[in-house]
Amino acid sequence: MPCLIFSGMLSLMSFSTWRDHRVQGAFLQGCALLIGLAFAGKAFVAHQRRGQGDDQRVSDQPTWFLFLAVTCLLAWLAGLILGSSNYAARMSPYYDLSGMGIAYNVSPGDLPGTRHLDASRVVFKEGSRVAEELSLGFKDGTTYCVAPIVAGNGTDGTKLASFDYWAVGINCCNPLPPATFWCGRSDLTNPAAHGAVRWMGDSARGFFQLAIQQAEAEYGYQAVNPILYTWTKDPVADVEDMRSAGMDFLMGLTVKFALLQAIFVIGVIFFLSPTGMQSLGQWKAVAKASGYLADDADGPALRASDESATPEGAPRMVGGRPGAVRGWG
């Protein structure tokens, strides 16, 4: 049951179900929480009966209700937290980007850049590059780096009425000339890389705008309608990788939680339940008789018990070693 609750809450919070169907999602969250609270109620009742001694069978046998209550509630909470983290870091950017279009064979000179506002993935014409020599960074504790995307390696590619396509990144440039810029998912010198993924983060957008304004003042060009991108080789594959990363995160955590739950169950069976303790005592007795466990491991009480169990007139064992006869009764 805890594994089902964890995987259910993790899946609910990781995908768009929670974003698109809040009421149904809240209902499922409440149902999963009630399961844990129900086990907690049963554990409380069993504890009361054990304390009163009304039922000897209940008094002697440990209850699993407390264990299930604790693990179910922890599974519920962990699923919510980790699922929300997975959605924010991986699945939400994937949904935002995959819901927009793809623009192919775009020239950096196609103005205005706002004609491609509905495209989250842009494949520029071959030969397009990031103009590292025209890059700049705005430093405010963190360095916000910008560089215009231009057509070709010649000077004609950098002579545009407006630079509307910008490669951006954080802490990946020299903020002041001489310019160096290494932002993006692909090496700037790779001729096969001429794609870009739309930058969707809102928190850094204002700082990138300040960096572009500084670059305009430094190099004397204009950026009328700047659009921010992450430079890459294959923008379509990069967006799909976000979805794959989210799925891998979900599956990996589900397997790890199941293994952890199995370890907890085995530990409770062998170390907390009377049956497990009896089995452990039998194992110790066998280990002692075989000479693998020292006689002092169980203390004087067990030795006295062993001696009392020895028939009168039979040879007694010393330290669990065959052939070491202490004497006759």
# chains A, B, ... in the order shown; residues from 1 in each chain; ligands from 1
>>> closest_atom_pairs(of="range 186-206 of chain A", to="range 228-233 of chain A", cutoff="9 Å", atoms="only C-alpha atoms", output="CSV")
residue,atom,partner,partner_atom,distance
A:Ser186,CA,A:Thr232,CA,5.0
A:Asp187,CA,A:Thr232,CA,8.2
A:Leu188,CA,A:Trp231,CA,8.3
A:Asn190,CA,A:Lys233,CA,8.5
A:Ala192,CA,A:Lys233,CA,6.6
A:Ala193,CA,A:Lys233,CA,4.0
A:His194,CA,A:Lys233,CA,5.9
A:Gly195,CA,A:Thr232,CA,5.2
A:Ala196,CA,A:Trp231,CA,4.5
A:Val197,CA,A:Thr230,CA,5.1
A:Arg198,CA,A:Tyr229,CA,4.4
A:Trp199,CA,A:Tyr229,CA,4.8
A:Met200,CA,A:Leu228,CA,8.4
A:Arg205,CA,A:Leu228,CA,8.4
>>> write_last_selection(atoms="all heavy atoms", output="compact mmCIF listing (two decimals), in the first residue's frame")
# COMPACT_ATOMS: atom_id res chain seq x y z
N SER A 186 25.82 23.25 -26.95
CA SER A 186 26.71 22.79 -28.01
C SER A 186 27.89 23.74 -28.14
O SER A 186 27.77 24.95 -27.87
CB SER A 186 25.96 22.70 -29.35
OG SER A 186 26.81 22.27 -30.39
N ASP A 187 29.03 23.20 -28.57
CA ASP A 187 30.22 24.01 -28.78
C ASP A 187 29.94 25.03 -29.89
O ASP A 187 29.42 24.69 -30.96
CB ASP A 187 31.38 23.10 -29.16
CG ASP A 187 32.70 23.84 -29.23
OD1 ASP A 187 32.70 25.08 -29.05
OD2 ASP A 187 33.73 23.19 -29.49
N LEU A 188 30.32 26.28 -29.64
CA LEU A 188 30.06 27.33 -30.62
C LEU A 188 30.83 27.11 -31.92
O LEU A 188 30.44 27.63 -32.97
CB LEU A 188 30.42 28.70 -30.03
CG LEU A 188 29.65 29.14 -28.79
CD1 LEU A 188 30.07 30.54 -28.38
CD2 LEU A 188 28.15 29.09 -29.02
N ASN A 190 31.15 24.25 -33.41
CA ASN A 190 30.60 23.11 -34.13
C ASN A 190 29.74 23.62 -35.29
O ASN A 190 28.68 24.21 -35.07
CB ASN A 190 29.77 22.25 -33.19
CG ASN A 190 29.23 21.00 -33.86
OD1 ASN A 190 29.48 20.73 -35.03
ND2 ASN A 190 28.47 20.22 -33.11
N ALA A 192 27.84 22.04 -37.21
CA ALA A 192 26.55 21.34 -37.31
C ALA A 192 25.52 21.92 -36.34
O ALA A 192 24.34 21.57 -36.42
CB ALA A 192 26.74 19.86 -37.04
N ALA A 193 25.96 22.77 -35.43
CA ALA A 193 25.05 23.36 -34.45
C ALA A 193 24.54 24.69 -34.98
O ALA A 193 25.30 25.66 -35.08
CB ALA A 193 25.76 23.54 -33.12
N HIS A 194 23.27 24.73 -35.29
CA HIS A 194 22.65 25.99 -35.69
C HIS A 194 21.16 25.97 -35.31
O HIS A 194 20.30 26.35 -36.09
CB HIS A 194 22.83 26.26 -37.19
CG HIS A 194 22.49 25.11 -38.08
ND1 HIS A 194 21.22 24.87 -38.56
CD2 HIS A 194 23.27 24.11 -38.57
CE1 HIS A 194 21.22 23.79 -39.31
NE2 HIS A 194 22.45 23.30 -39.33
N GLY A 195 20.92 25.49 -34.09
CA GLY A 195 19.56 25.44 -33.56
C GLY A 195 19.46 26.15 -32.23
O GLY A 195 20.48 26.49 -31.61
N ALA A 196 18.25 26.38 -31.78
CA ALA A 196 18.05 27.09 -30.52
C ALA A 196 16.72 26.69 -29.90
O ALA A 196 15.75 26.42 -30.60
CB ALA A 196 18.10 28.60 -30.74
N VAL A 197 16.71 26.68 -28.57
CA VAL A 197 15.50 26.42 -27.78
C VAL A 197 15.14 27.69 -27.04
O VAL A 197 16.00 28.35 -26.44
CB VAL A 197 15.72 25.26 -26.79
CG1 VAL A 197 14.49 25.08 -25.91
CG2 VAL A 197 16.04 23.97 -27.52
N ARG A 198 13.90 28.05 -27.07
CA ARG A 198 13.42 29.29 -26.45
C ARG A 198 13.71 29.29 -24.95
O ARG A 198 13.48 28.31 -24.26
CB ARG A 198 11.91 29.41 -26.69
CG ARG A 198 11.30 30.71 -26.25
CD ARG A 198 11.53 31.81 -27.26
NE ARG A 198 10.68 32.95 -26.97
CZ ARG A 198 9.46 33.10 -27.45
NH1 ARG A 198 8.94 32.18 -28.26
NH2 ARG A 198 8.74 34.15 -27.15
N TRP A 199 14.24 30.42 -24.46
CA TRP A 199 14.46 30.59 -23.02
C TRP A 199 13.13 30.96 -22.38
O TRP A 199 12.54 31.97 -22.70
CB TRP A 199 15.50 31.68 -22.77
CG TRP A 199 15.79 31.87 -21.32
CD1 TRP A 199 15.07 32.57 -20.40
CD2 TRP A 199 16.91 31.32 -20.60
NE1 TRP A 199 15.64 32.51 -19.15
CE2 TRP A 199 16.77 31.76 -19.25
CE3 TRP A 199 18.00 30.53 -20.95
CZ2 TRP A 199 17.70 31.41 -18.27
CZ3 TRP A 199 18.91 30.20 -19.96
CH2 TRP A 199 18.77 30.62 -18.65
N MET A 200 12.67 30.11 -21.43
CA MET A 200 11.34 30.30 -20.85
C MET A 200 11.37 30.86 -19.43
O MET A 200 10.33 31.18 -18.87
CB MET A 200 10.60 28.97 -20.84
CG MET A 200 10.42 28.34 -22.21
SD MET A 200 9.47 29.35 -23.35
CE MET A 200 7.85 29.26 -22.61
N ARG A 205 14.85 37.12 -17.13
CA ARG A 205 14.59 37.84 -18.38
C ARG A 205 14.95 39.33 -18.27
O ARG A 205 15.54 39.90 -19.19
CB ARG A 205 13.12 37.69 -18.77
CG ARG A 205 12.79 38.19 -20.16
CD ARG A 205 11.35 37.87 -20.52
NE ARG A 205 11.14 36.42 -20.48
CZ ARG A 205 11.40 35.62 -21.51
NH1 ARG A 205 11.90 36.13 -22.63
NH2 ARG A 205 11.18 34.33 -21.41
>>> residues_around(residues="Pro226 in chain A", least_positions_apart="2", cutoff="6 Å", atoms="only C-alpha atoms", output="list in words")
Asp164, Tyr165 and Ala223 of chain A
>>> residues_around(residues="range 81-83 of chain A", least_positions_apart="6", cutoff="8 Å", atoms="only C-alpha atoms", output="PyMOL selection string")
chain A and resi 9-14+250
>>> residues_around(residues="range 117-133 of chain A", least_positions_apart="4", cutoff="9 Å", atoms="only C-alpha atoms", output="MDAnalysis selection string")
chainID A and resid 96:108 113 147:153 157:158 166:167 177:182 188:189 191:200 227 229 231 233:236 239
>>> write_last_selection(atoms="N, CA and C atoms", output="short mmCIF file (atom, residue, chain, number, x, y, z; two decimals), in the first residue's frame")
data_model
loop_
_atom_site.label_atom_id
_atom_site.label_comp_id
_atom_site.auth_asym_id
_atom_site.auth_seq_id
_atom_site.Cartn_x
_atom_site.Cartn_y
_atom_site.Cartn_z
N ASP A 96 5.58 23.37 -21.61
CA ASP A 96 5.57 24.72 -22.16
C ASP A 96 6.19 24.76 -23.55
N LEU A 97 7.32 24.10 -23.71
CA LEU A 97 8.04 24.15 -24.99
C LEU A 97 7.37 23.28 -26.05
N SER A 98 6.92 22.09 -25.68
CA SER A 98 6.31 21.20 -26.67
C SER A 98 4.96 21.72 -27.15
N GLY A 99 4.34 22.58 -26.36
CA GLY A 99 3.06 23.15 -26.77
C GLY A 99 3.20 24.25 -27.80
N MET A 100 4.42 24.68 -28.08
CA MET A 100 4.66 25.72 -29.08
C MET A 100 5.18 25.08 -30.37
N GLY A 101 5.34 25.88 -31.39
CA GLY A 101 5.71 25.35 -32.70
C GLY A 101 7.20 25.20 -32.92
N ILE A 102 7.55 24.74 -34.13
CA ILE A 102 8.93 24.57 -34.56
C ILE A 102 9.12 25.38 -35.84
N ALA A 103 10.18 26.15 -35.88
CA ALA A 103 10.50 26.96 -37.06
C ALA A 103 11.78 26.44 -37.69
N TYR A 104 11.72 26.11 -38.99
CA TYR A 104 12.88 25.58 -39.70
C TYR A 104 13.41 26.62 -40.70
N ASN A 105 14.72 26.50 -40.94
CA ASN A 105 15.38 27.28 -41.98
C ASN A 105 15.18 28.79 -41.79
N VAL A 106 15.38 29.22 -40.55
CA VAL A 106 15.21 30.62 -40.20
C VAL A 106 16.53 31.35 -40.40
N SER A 107 16.48 32.50 -41.03
CA SER A 107 17.67 33.34 -41.18
C SER A 107 17.69 34.38 -40.07
N PRO A 108 18.86 34.59 -39.44
CA PRO A 108 18.94 35.64 -38.41
C PRO A 108 18.58 37.02 -38.94
N GLY A 113 11.91 39.73 -35.45
CA GLY A 113 11.97 38.40 -34.84
C GLY A 113 10.65 37.97 -34.23
N ALA A 147 24.55 37.10 -26.46
CA ALA A 147 25.32 37.23 -27.71
C ALA A 147 24.34 37.11 -28.86
N PRO A 148 24.45 37.96 -29.87
CA PRO A 148 23.52 37.90 -31.00
C PRO A 148 23.80 36.71 -31.90
N ILE A 149 22.74 36.17 -32.51
CA ILE A 149 22.86 35.10 -33.49
C ILE A 149 22.89 35.76 -34.87
N VAL A 150 23.92 35.44 -35.63
CA VAL A 150 24.12 36.11 -36.92
C VAL A 150 24.22 35.06 -38.02
N ALA A 151 24.23 35.54 -39.27
CA ALA A 151 24.30 34.67 -40.44
C ALA A 151 25.72 34.68 -41.00
N GLY A 152 26.39 33.52 -41.01
CA GLY A 152 27.70 33.40 -41.64
C GLY A 152 28.82 33.98 -40.81
N ASN A 153 30.05 33.77 -41.32
CA ASN A 153 31.25 34.21 -40.62
C ASN A 153 31.76 35.56 -41.10
N GLY A 157 27.25 39.33 -42.16
CA GLY A 157 26.29 38.69 -41.27
C GLY A 157 26.06 39.48 -40.00
N THR A 158 27.01 40.35 -39.64
CA THR A 158 26.87 41.13 -38.42
C THR A 158 26.36 42.54 -38.70
N TRP A 166 18.84 36.09 -29.94
CA TRP A 166 19.94 36.16 -28.98
C TRP A 166 20.13 34.81 -28.28
N ALA A 167 21.39 34.41 -28.22
CA ALA A 167 21.77 33.26 -27.39
C ALA A 167 22.11 33.79 -26.00
N PRO A 177 34.42 43.17 -22.57
CA PRO A 177 35.41 42.90 -23.61
C PRO A 177 36.81 42.80 -23.00
N PRO A 178 37.72 41.97 -23.55
CA PRO A 178 37.53 41.12 -24.74
C PRO A 178 36.53 40.00 -24.49
N ALA A 179 35.61 39.84 -25.43
CA ALA A 179 34.45 38.98 -25.23
C ALA A 179 34.80 37.51 -25.36
N THR A 180 34.28 36.71 -24.44
CA THR A 180 34.30 35.25 -24.53
C THR A 180 32.92 34.76 -24.10
N PHE A 181 32.41 33.78 -24.83
CA PHE A 181 31.04 33.31 -24.61
C PHE A 181 31.00 31.81 -24.87
N TRP A 182 30.55 31.04 -23.89
CA TRP A 182 30.50 29.58 -24.05
C TRP A 182 29.16 29.01 -23.57
N LEU A 188 30.32 26.28 -29.64
CA LEU A 188 30.06 27.33 -30.62
C LEU A 188 30.83 27.11 -31.92
N THR A 189 31.92 26.35 -31.86
CA THR A 189 32.72 26.10 -33.06
C THR A 189 32.20 24.93 -33.89
N PRO A 191 30.15 23.37 -36.55
CA PRO A 191 29.36 23.90 -37.68
C PRO A 191 28.00 23.22 -37.83
N ALA A 192 27.84 22.04 -37.21
CA ALA A 192 26.55 21.34 -37.31
C ALA A 192 25.52 21.92 -36.34
N ALA A 193 25.96 22.77 -35.43
CA ALA A 193 25.05 23.36 -34.45
C ALA A 193 24.54 24.69 -34.98
N HIS A 194 23.27 24.73 -35.29
CA HIS A 194 22.65 25.99 -35.69
C HIS A 194 21.16 25.97 -35.31
N GLY A 195 20.92 25.49 -34.09
CA GLY A 195 19.56 25.44 -33.56
C GLY A 195 19.46 26.15 -32.23
N ALA A 196 18.25 26.38 -31.78
CA ALA A 196 18.05 27.09 -30.52
C ALA A 196 16.72 26.69 -29.90
N VAL A 197 16.71 26.68 -28.57
CA VAL A 197 15.50 26.42 -27.78
C VAL A 197 15.14 27.69 -27.04
N ARG A 198 13.90 28.05 -27.07
CA ARG A 198 13.42 29.29 -26.45
C ARG A 198 13.71 29.29 -24.95
N TRP A 199 14.24 30.42 -24.46
CA TRP A 199 14.46 30.59 -23.02
C TRP A 199 13.13 30.96 -22.38
N MET A 200 12.67 30.11 -21.43
CA MET A 200 11.34 30.30 -20.85
C MET A 200 11.37 30.86 -19.43
N ILE A 227 14.62 38.25 -28.88
CA ILE A 227 14.04 37.00 -28.41
C ILE A 227 15.18 36.14 -27.88
N TYR A 229 17.20 32.73 -26.56
CA TYR A 229 17.29 31.31 -26.87
C TYR A 229 18.49 30.69 -26.16
N TRP A 231 21.41 28.15 -27.23
CA TRP A 231 22.03 27.62 -28.45
C TRP A 231 22.26 26.12 -28.32
N LYS A 233 22.45 22.05 -30.76
CA LYS A 233 22.58 21.37 -32.05
C LYS A 233 21.24 20.87 -32.55
N ASP A 234 20.45 20.26 -31.66
CA ASP A 234 19.17 19.67 -32.05
C ASP A 234 18.11 20.11 -31.06
N PRO A 235 17.41 21.19 -31.34
CA PRO A 235 16.42 21.71 -30.37
C PRO A 235 15.25 20.77 -30.14
N VAL A 236 14.84 20.03 -31.17
CA VAL A 236 13.71 19.11 -31.01
C VAL A 236 14.08 17.98 -30.03
N VAL A 239 14.25 19.11 -26.28
CA VAL A 239 12.95 19.21 -25.60
C VAL A 239 12.44 17.82 -25.23
#
>>> atom_distance(atom1="CA of Val168 in chain A", atom2="CA of Asp238 in chain A")
16.1 Å
>>> closest_residue(among="A:Cys145, A:Asp110, A:Phe208, A:Phe138", to="Gly184 in chain A", atoms="only C-alpha atoms")
A:Cys145
>>> residues_around(residues="Gly206 in chain A", least_positions_apart="3", cutoff="12 Å", atoms="only C-alpha atoms", output="JSON list (two decimals) with N, CA and C atoms, in the first residue's frame")
[["chain", "number", "residue", "atom", "x", "y", "z"],
["A", 138, "PHE", "N", 25.93, 41.03, -18.12],
["A", 138, "PHE", "CA", 25.52, 41.93, -17.05],
["A", 138, "PHE", "C", 25.74, 41.20, -15.73],
["A", 140, "ASP", "N", 25.51, 40.95, -11.75],
["A", 140, "ASP", "CA", 24.83, 41.37, -10.53],
["A", 140, "ASP", "C", 24.93, 40.23, -9.52],
["A", 144, "TYR", "N", 24.82, 37.46, -16.30],
["A", 144, "TYR", "CA", 23.81, 37.15, -17.31],
["A", 144, "TYR", "C", 24.40, 37.47, -18.69],
["A", 201, "GLY", "N", 12.53, 30.98, -18.83],
["A", 201, "GLY", "CA", 12.58, 31.47, -17.45],
["A", 201, "GLY", "C", 12.28, 32.95, -17.35],
["A", 202, "ASP", "N", 11.37, 33.30, -16.48],
["A", 202, "ASP", "CA", 10.98, 34.70, -16.33],
["A", 202, "ASP", "C", 11.87, 35.46, -15.37],
["A", 203, "SER", "N", 12.44, 34.78, -14.38],
["A", 203, "SER", "CA", 13.19, 35.48, -13.33],
["A", 203, "SER", "C", 14.44, 36.17, -13.87],
["A", 209, "GLN", "N", 17.73, 41.51, -20.52],
["A", 209, "GLN", "CA", 17.40, 42.74, -21.22],
["A", 209, "GLN", "C", 18.41, 43.84, -20.89],
["A", 210, "LEU", "N", 18.83, 43.91, -19.63],
["A", 210, "LEU", "CA", 19.84, 44.89, -19.24],
["A", 210, "LEU", "C", 21.17, 44.59, -19.92],
["A", 211, "ALA", "N", 21.52, 43.32, -20.05],
["A", 211, "ALA", "CA", 22.76, 42.95, -20.73],
["A", 211, "ALA", "C", 22.70, 43.34, -22.20],
["A", 212, "ILE", "N", 21.54, 43.15, -22.84],
["A", 212, "ILE", "CA", 21.40, 43.53, -24.26],
["A", 212, "ILE", "C", 21.52, 45.04, -24.41],
["A", 213, "GLN", "N", 20.94, 45.80, -23.49],
["A", 213, "GLN", "CA", 21.06, 47.26, -23.55],
["A", 213, "GLN", "C", 22.52, 47.70, -23.40],
["A", 226, "PRO", "N", 14.22, 41.78, -29.23],
["A", 226, "PRO", "CA", 15.08, 40.63, -28.89],
["A", 226, "PRO", "C", 14.28, 39.44, -28.36],
["A", 228, "LEU", "N", 15.00, 35.53, -26.74],
["A", 228, "LEU", "CA", 16.08, 34.83, -26.04],
["A", 228, "LEU", "C", 16.01, 33.33, -26.31]]
>>> decode(residues="range 245-276 of chain A", atoms="N, CA and C atoms", output="short mmCIF file (atom, residue, chain, number, x, y, z; two decimals), in the first residue's frame")
data_model
loop_
_atom_site.label_atom_id
_atom_site.label_comp_id
_atom_site.auth_asym_id
_atom_site.auth_seq_id
_atom_site.Cartn_x
_atom_site.Cartn_y
_atom_site.Cartn_z
N ALA A 245 13.92 12.71 -19.12
CA ALA A 245 14.51 12.90 -17.80
C ALA A 245 13.45 12.84 -16.71
N GLY A 246 12.28 13.42 -16.96
CA GLY A 246 11.20 13.36 -15.98
C GLY A 246 10.71 11.94 -15.75
N MET A 247 10.58 11.17 -16.83
CA MET A 247 10.14 9.78 -16.70
C MET A 247 11.18 8.94 -15.97
N ASP A 248 12.46 9.15 -16.29
CA ASP A 248 13.53 8.40 -15.61
C ASP A 248 13.55 8.73 -14.12
N PHE A 249 13.34 9.99 -13.80
CA PHE A 249 13.29 10.40 -12.40
C PHE A 249 12.16 9.69 -11.67
N LEU A 250 10.99 9.64 -12.29
CA LEU A 250 9.82 8.99 -11.67
C LEU A 250 10.05 7.50 -11.48
N MET A 251 10.51 6.81 -12.51
CA MET A 251 10.71 5.36 -12.42
C MET A 251 11.81 5.01 -11.42
N GLY A 252 12.88 5.79 -11.44
CA GLY A 252 13.97 5.51 -10.51
C GLY A 252 13.56 5.65 -9.07
N LEU A 253 12.80 6.70 -8.75
CA LEU A 253 12.35 6.90 -7.37
C LEU A 253 11.34 5.84 -6.96
N THR A 254 10.50 5.40 -7.88
CA THR A 254 9.52 4.36 -7.55
C THR A 254 10.21 3.06 -7.17
N VAL A 255 11.22 2.68 -7.93
CA VAL A 255 11.96 1.45 -7.63
C VAL A 255 12.72 1.58 -6.31
N LYS A 256 13.34 2.72 -6.08
CA LYS A 256 14.10 2.91 -4.85
C LYS A 256 13.18 2.88 -3.62
N PHE A 257 12.01 3.48 -3.76
CA PHE A 257 11.08 3.47 -2.62
C PHE A 257 10.59 2.05 -2.34
N ALA A 258 10.33 1.27 -3.38
CA ALA A 258 9.88 -0.11 -3.18
C ALA A 258 10.96 -0.93 -2.47
N LEU A 259 12.21 -0.75 -2.86
CA LEU A 259 13.30 -1.46 -2.19
C LEU A 259 13.43 -1.03 -0.73
N LEU A 260 13.30 0.26 -0.48
CA LEU A 260 13.39 0.75 0.89
C LEU A 260 12.25 0.21 1.74
N GLN A 261 11.06 0.16 1.17
CA GLN A 261 9.91 -0.38 1.89
C GLN A 261 10.12 -1.86 2.21
N ALA A 262 10.67 -2.60 1.27
CA ALA A 262 10.94 -4.03 1.51
C ALA A 262 11.95 -4.22 2.64
N ILE A 263 12.96 -3.36 2.69
CA ILE A 263 13.94 -3.45 3.77
C ILE A 263 13.29 -3.16 5.11
N PHE A 264 12.41 -2.17 5.16
CA PHE A 264 11.72 -1.86 6.41
C PHE A 264 10.85 -3.03 6.87
N VAL A 265 10.13 -3.66 5.94
CA VAL A 265 9.26 -4.78 6.28
C VAL A 265 10.08 -5.94 6.84
N ILE A 266 11.17 -6.26 6.17
CA ILE A 266 12.04 -7.36 6.64
C ILE A 266 12.59 -7.04 8.03
N GLY A 267 12.99 -5.77 8.23
CA GLY A 267 13.52 -5.39 9.54
C GLY A 267 12.49 -5.53 10.63
N VAL A 268 11.24 -5.15 10.37
CA VAL A 268 10.19 -5.28 11.37
C VAL A 268 9.92 -6.75 11.68
N ILE A 269 9.89 -7.58 10.63
CA ILE A 269 9.60 -9.00 10.83
C ILE A 269 10.66 -9.66 11.70
N PHE A 270 11.92 -9.36 11.47
CA PHE A 270 13.00 -10.09 12.15
C PHE A 270 13.40 -9.48 13.48
N PHE A 271 13.16 -8.19 13.68
CA PHE A 271 13.69 -7.56 14.87
C PHE A 271 12.63 -7.04 15.83
N LEU A 272 11.38 -6.95 15.39
CA LEU A 272 10.35 -6.42 16.27
C LEU A 272 9.23 -7.39 16.58
N SER A 273 8.95 -8.34 15.69
CA SER A 273 7.86 -9.26 15.94
C SER A 273 8.33 -10.45 16.76
N PRO A 274 7.44 -11.06 17.60
CA PRO A 274 7.83 -12.24 18.38
C PRO A 274 8.28 -13.39 17.51
N THR A 275 7.63 -13.58 16.37
CA THR A 275 8.04 -14.68 15.48
C THR A 275 9.45 -14.46 15.00
N GLY A 276 9.76 -13.22 14.62
CA GLY A 276 11.10 -12.92 14.14
C GLY A 276 12.14 -13.10 15.23
#
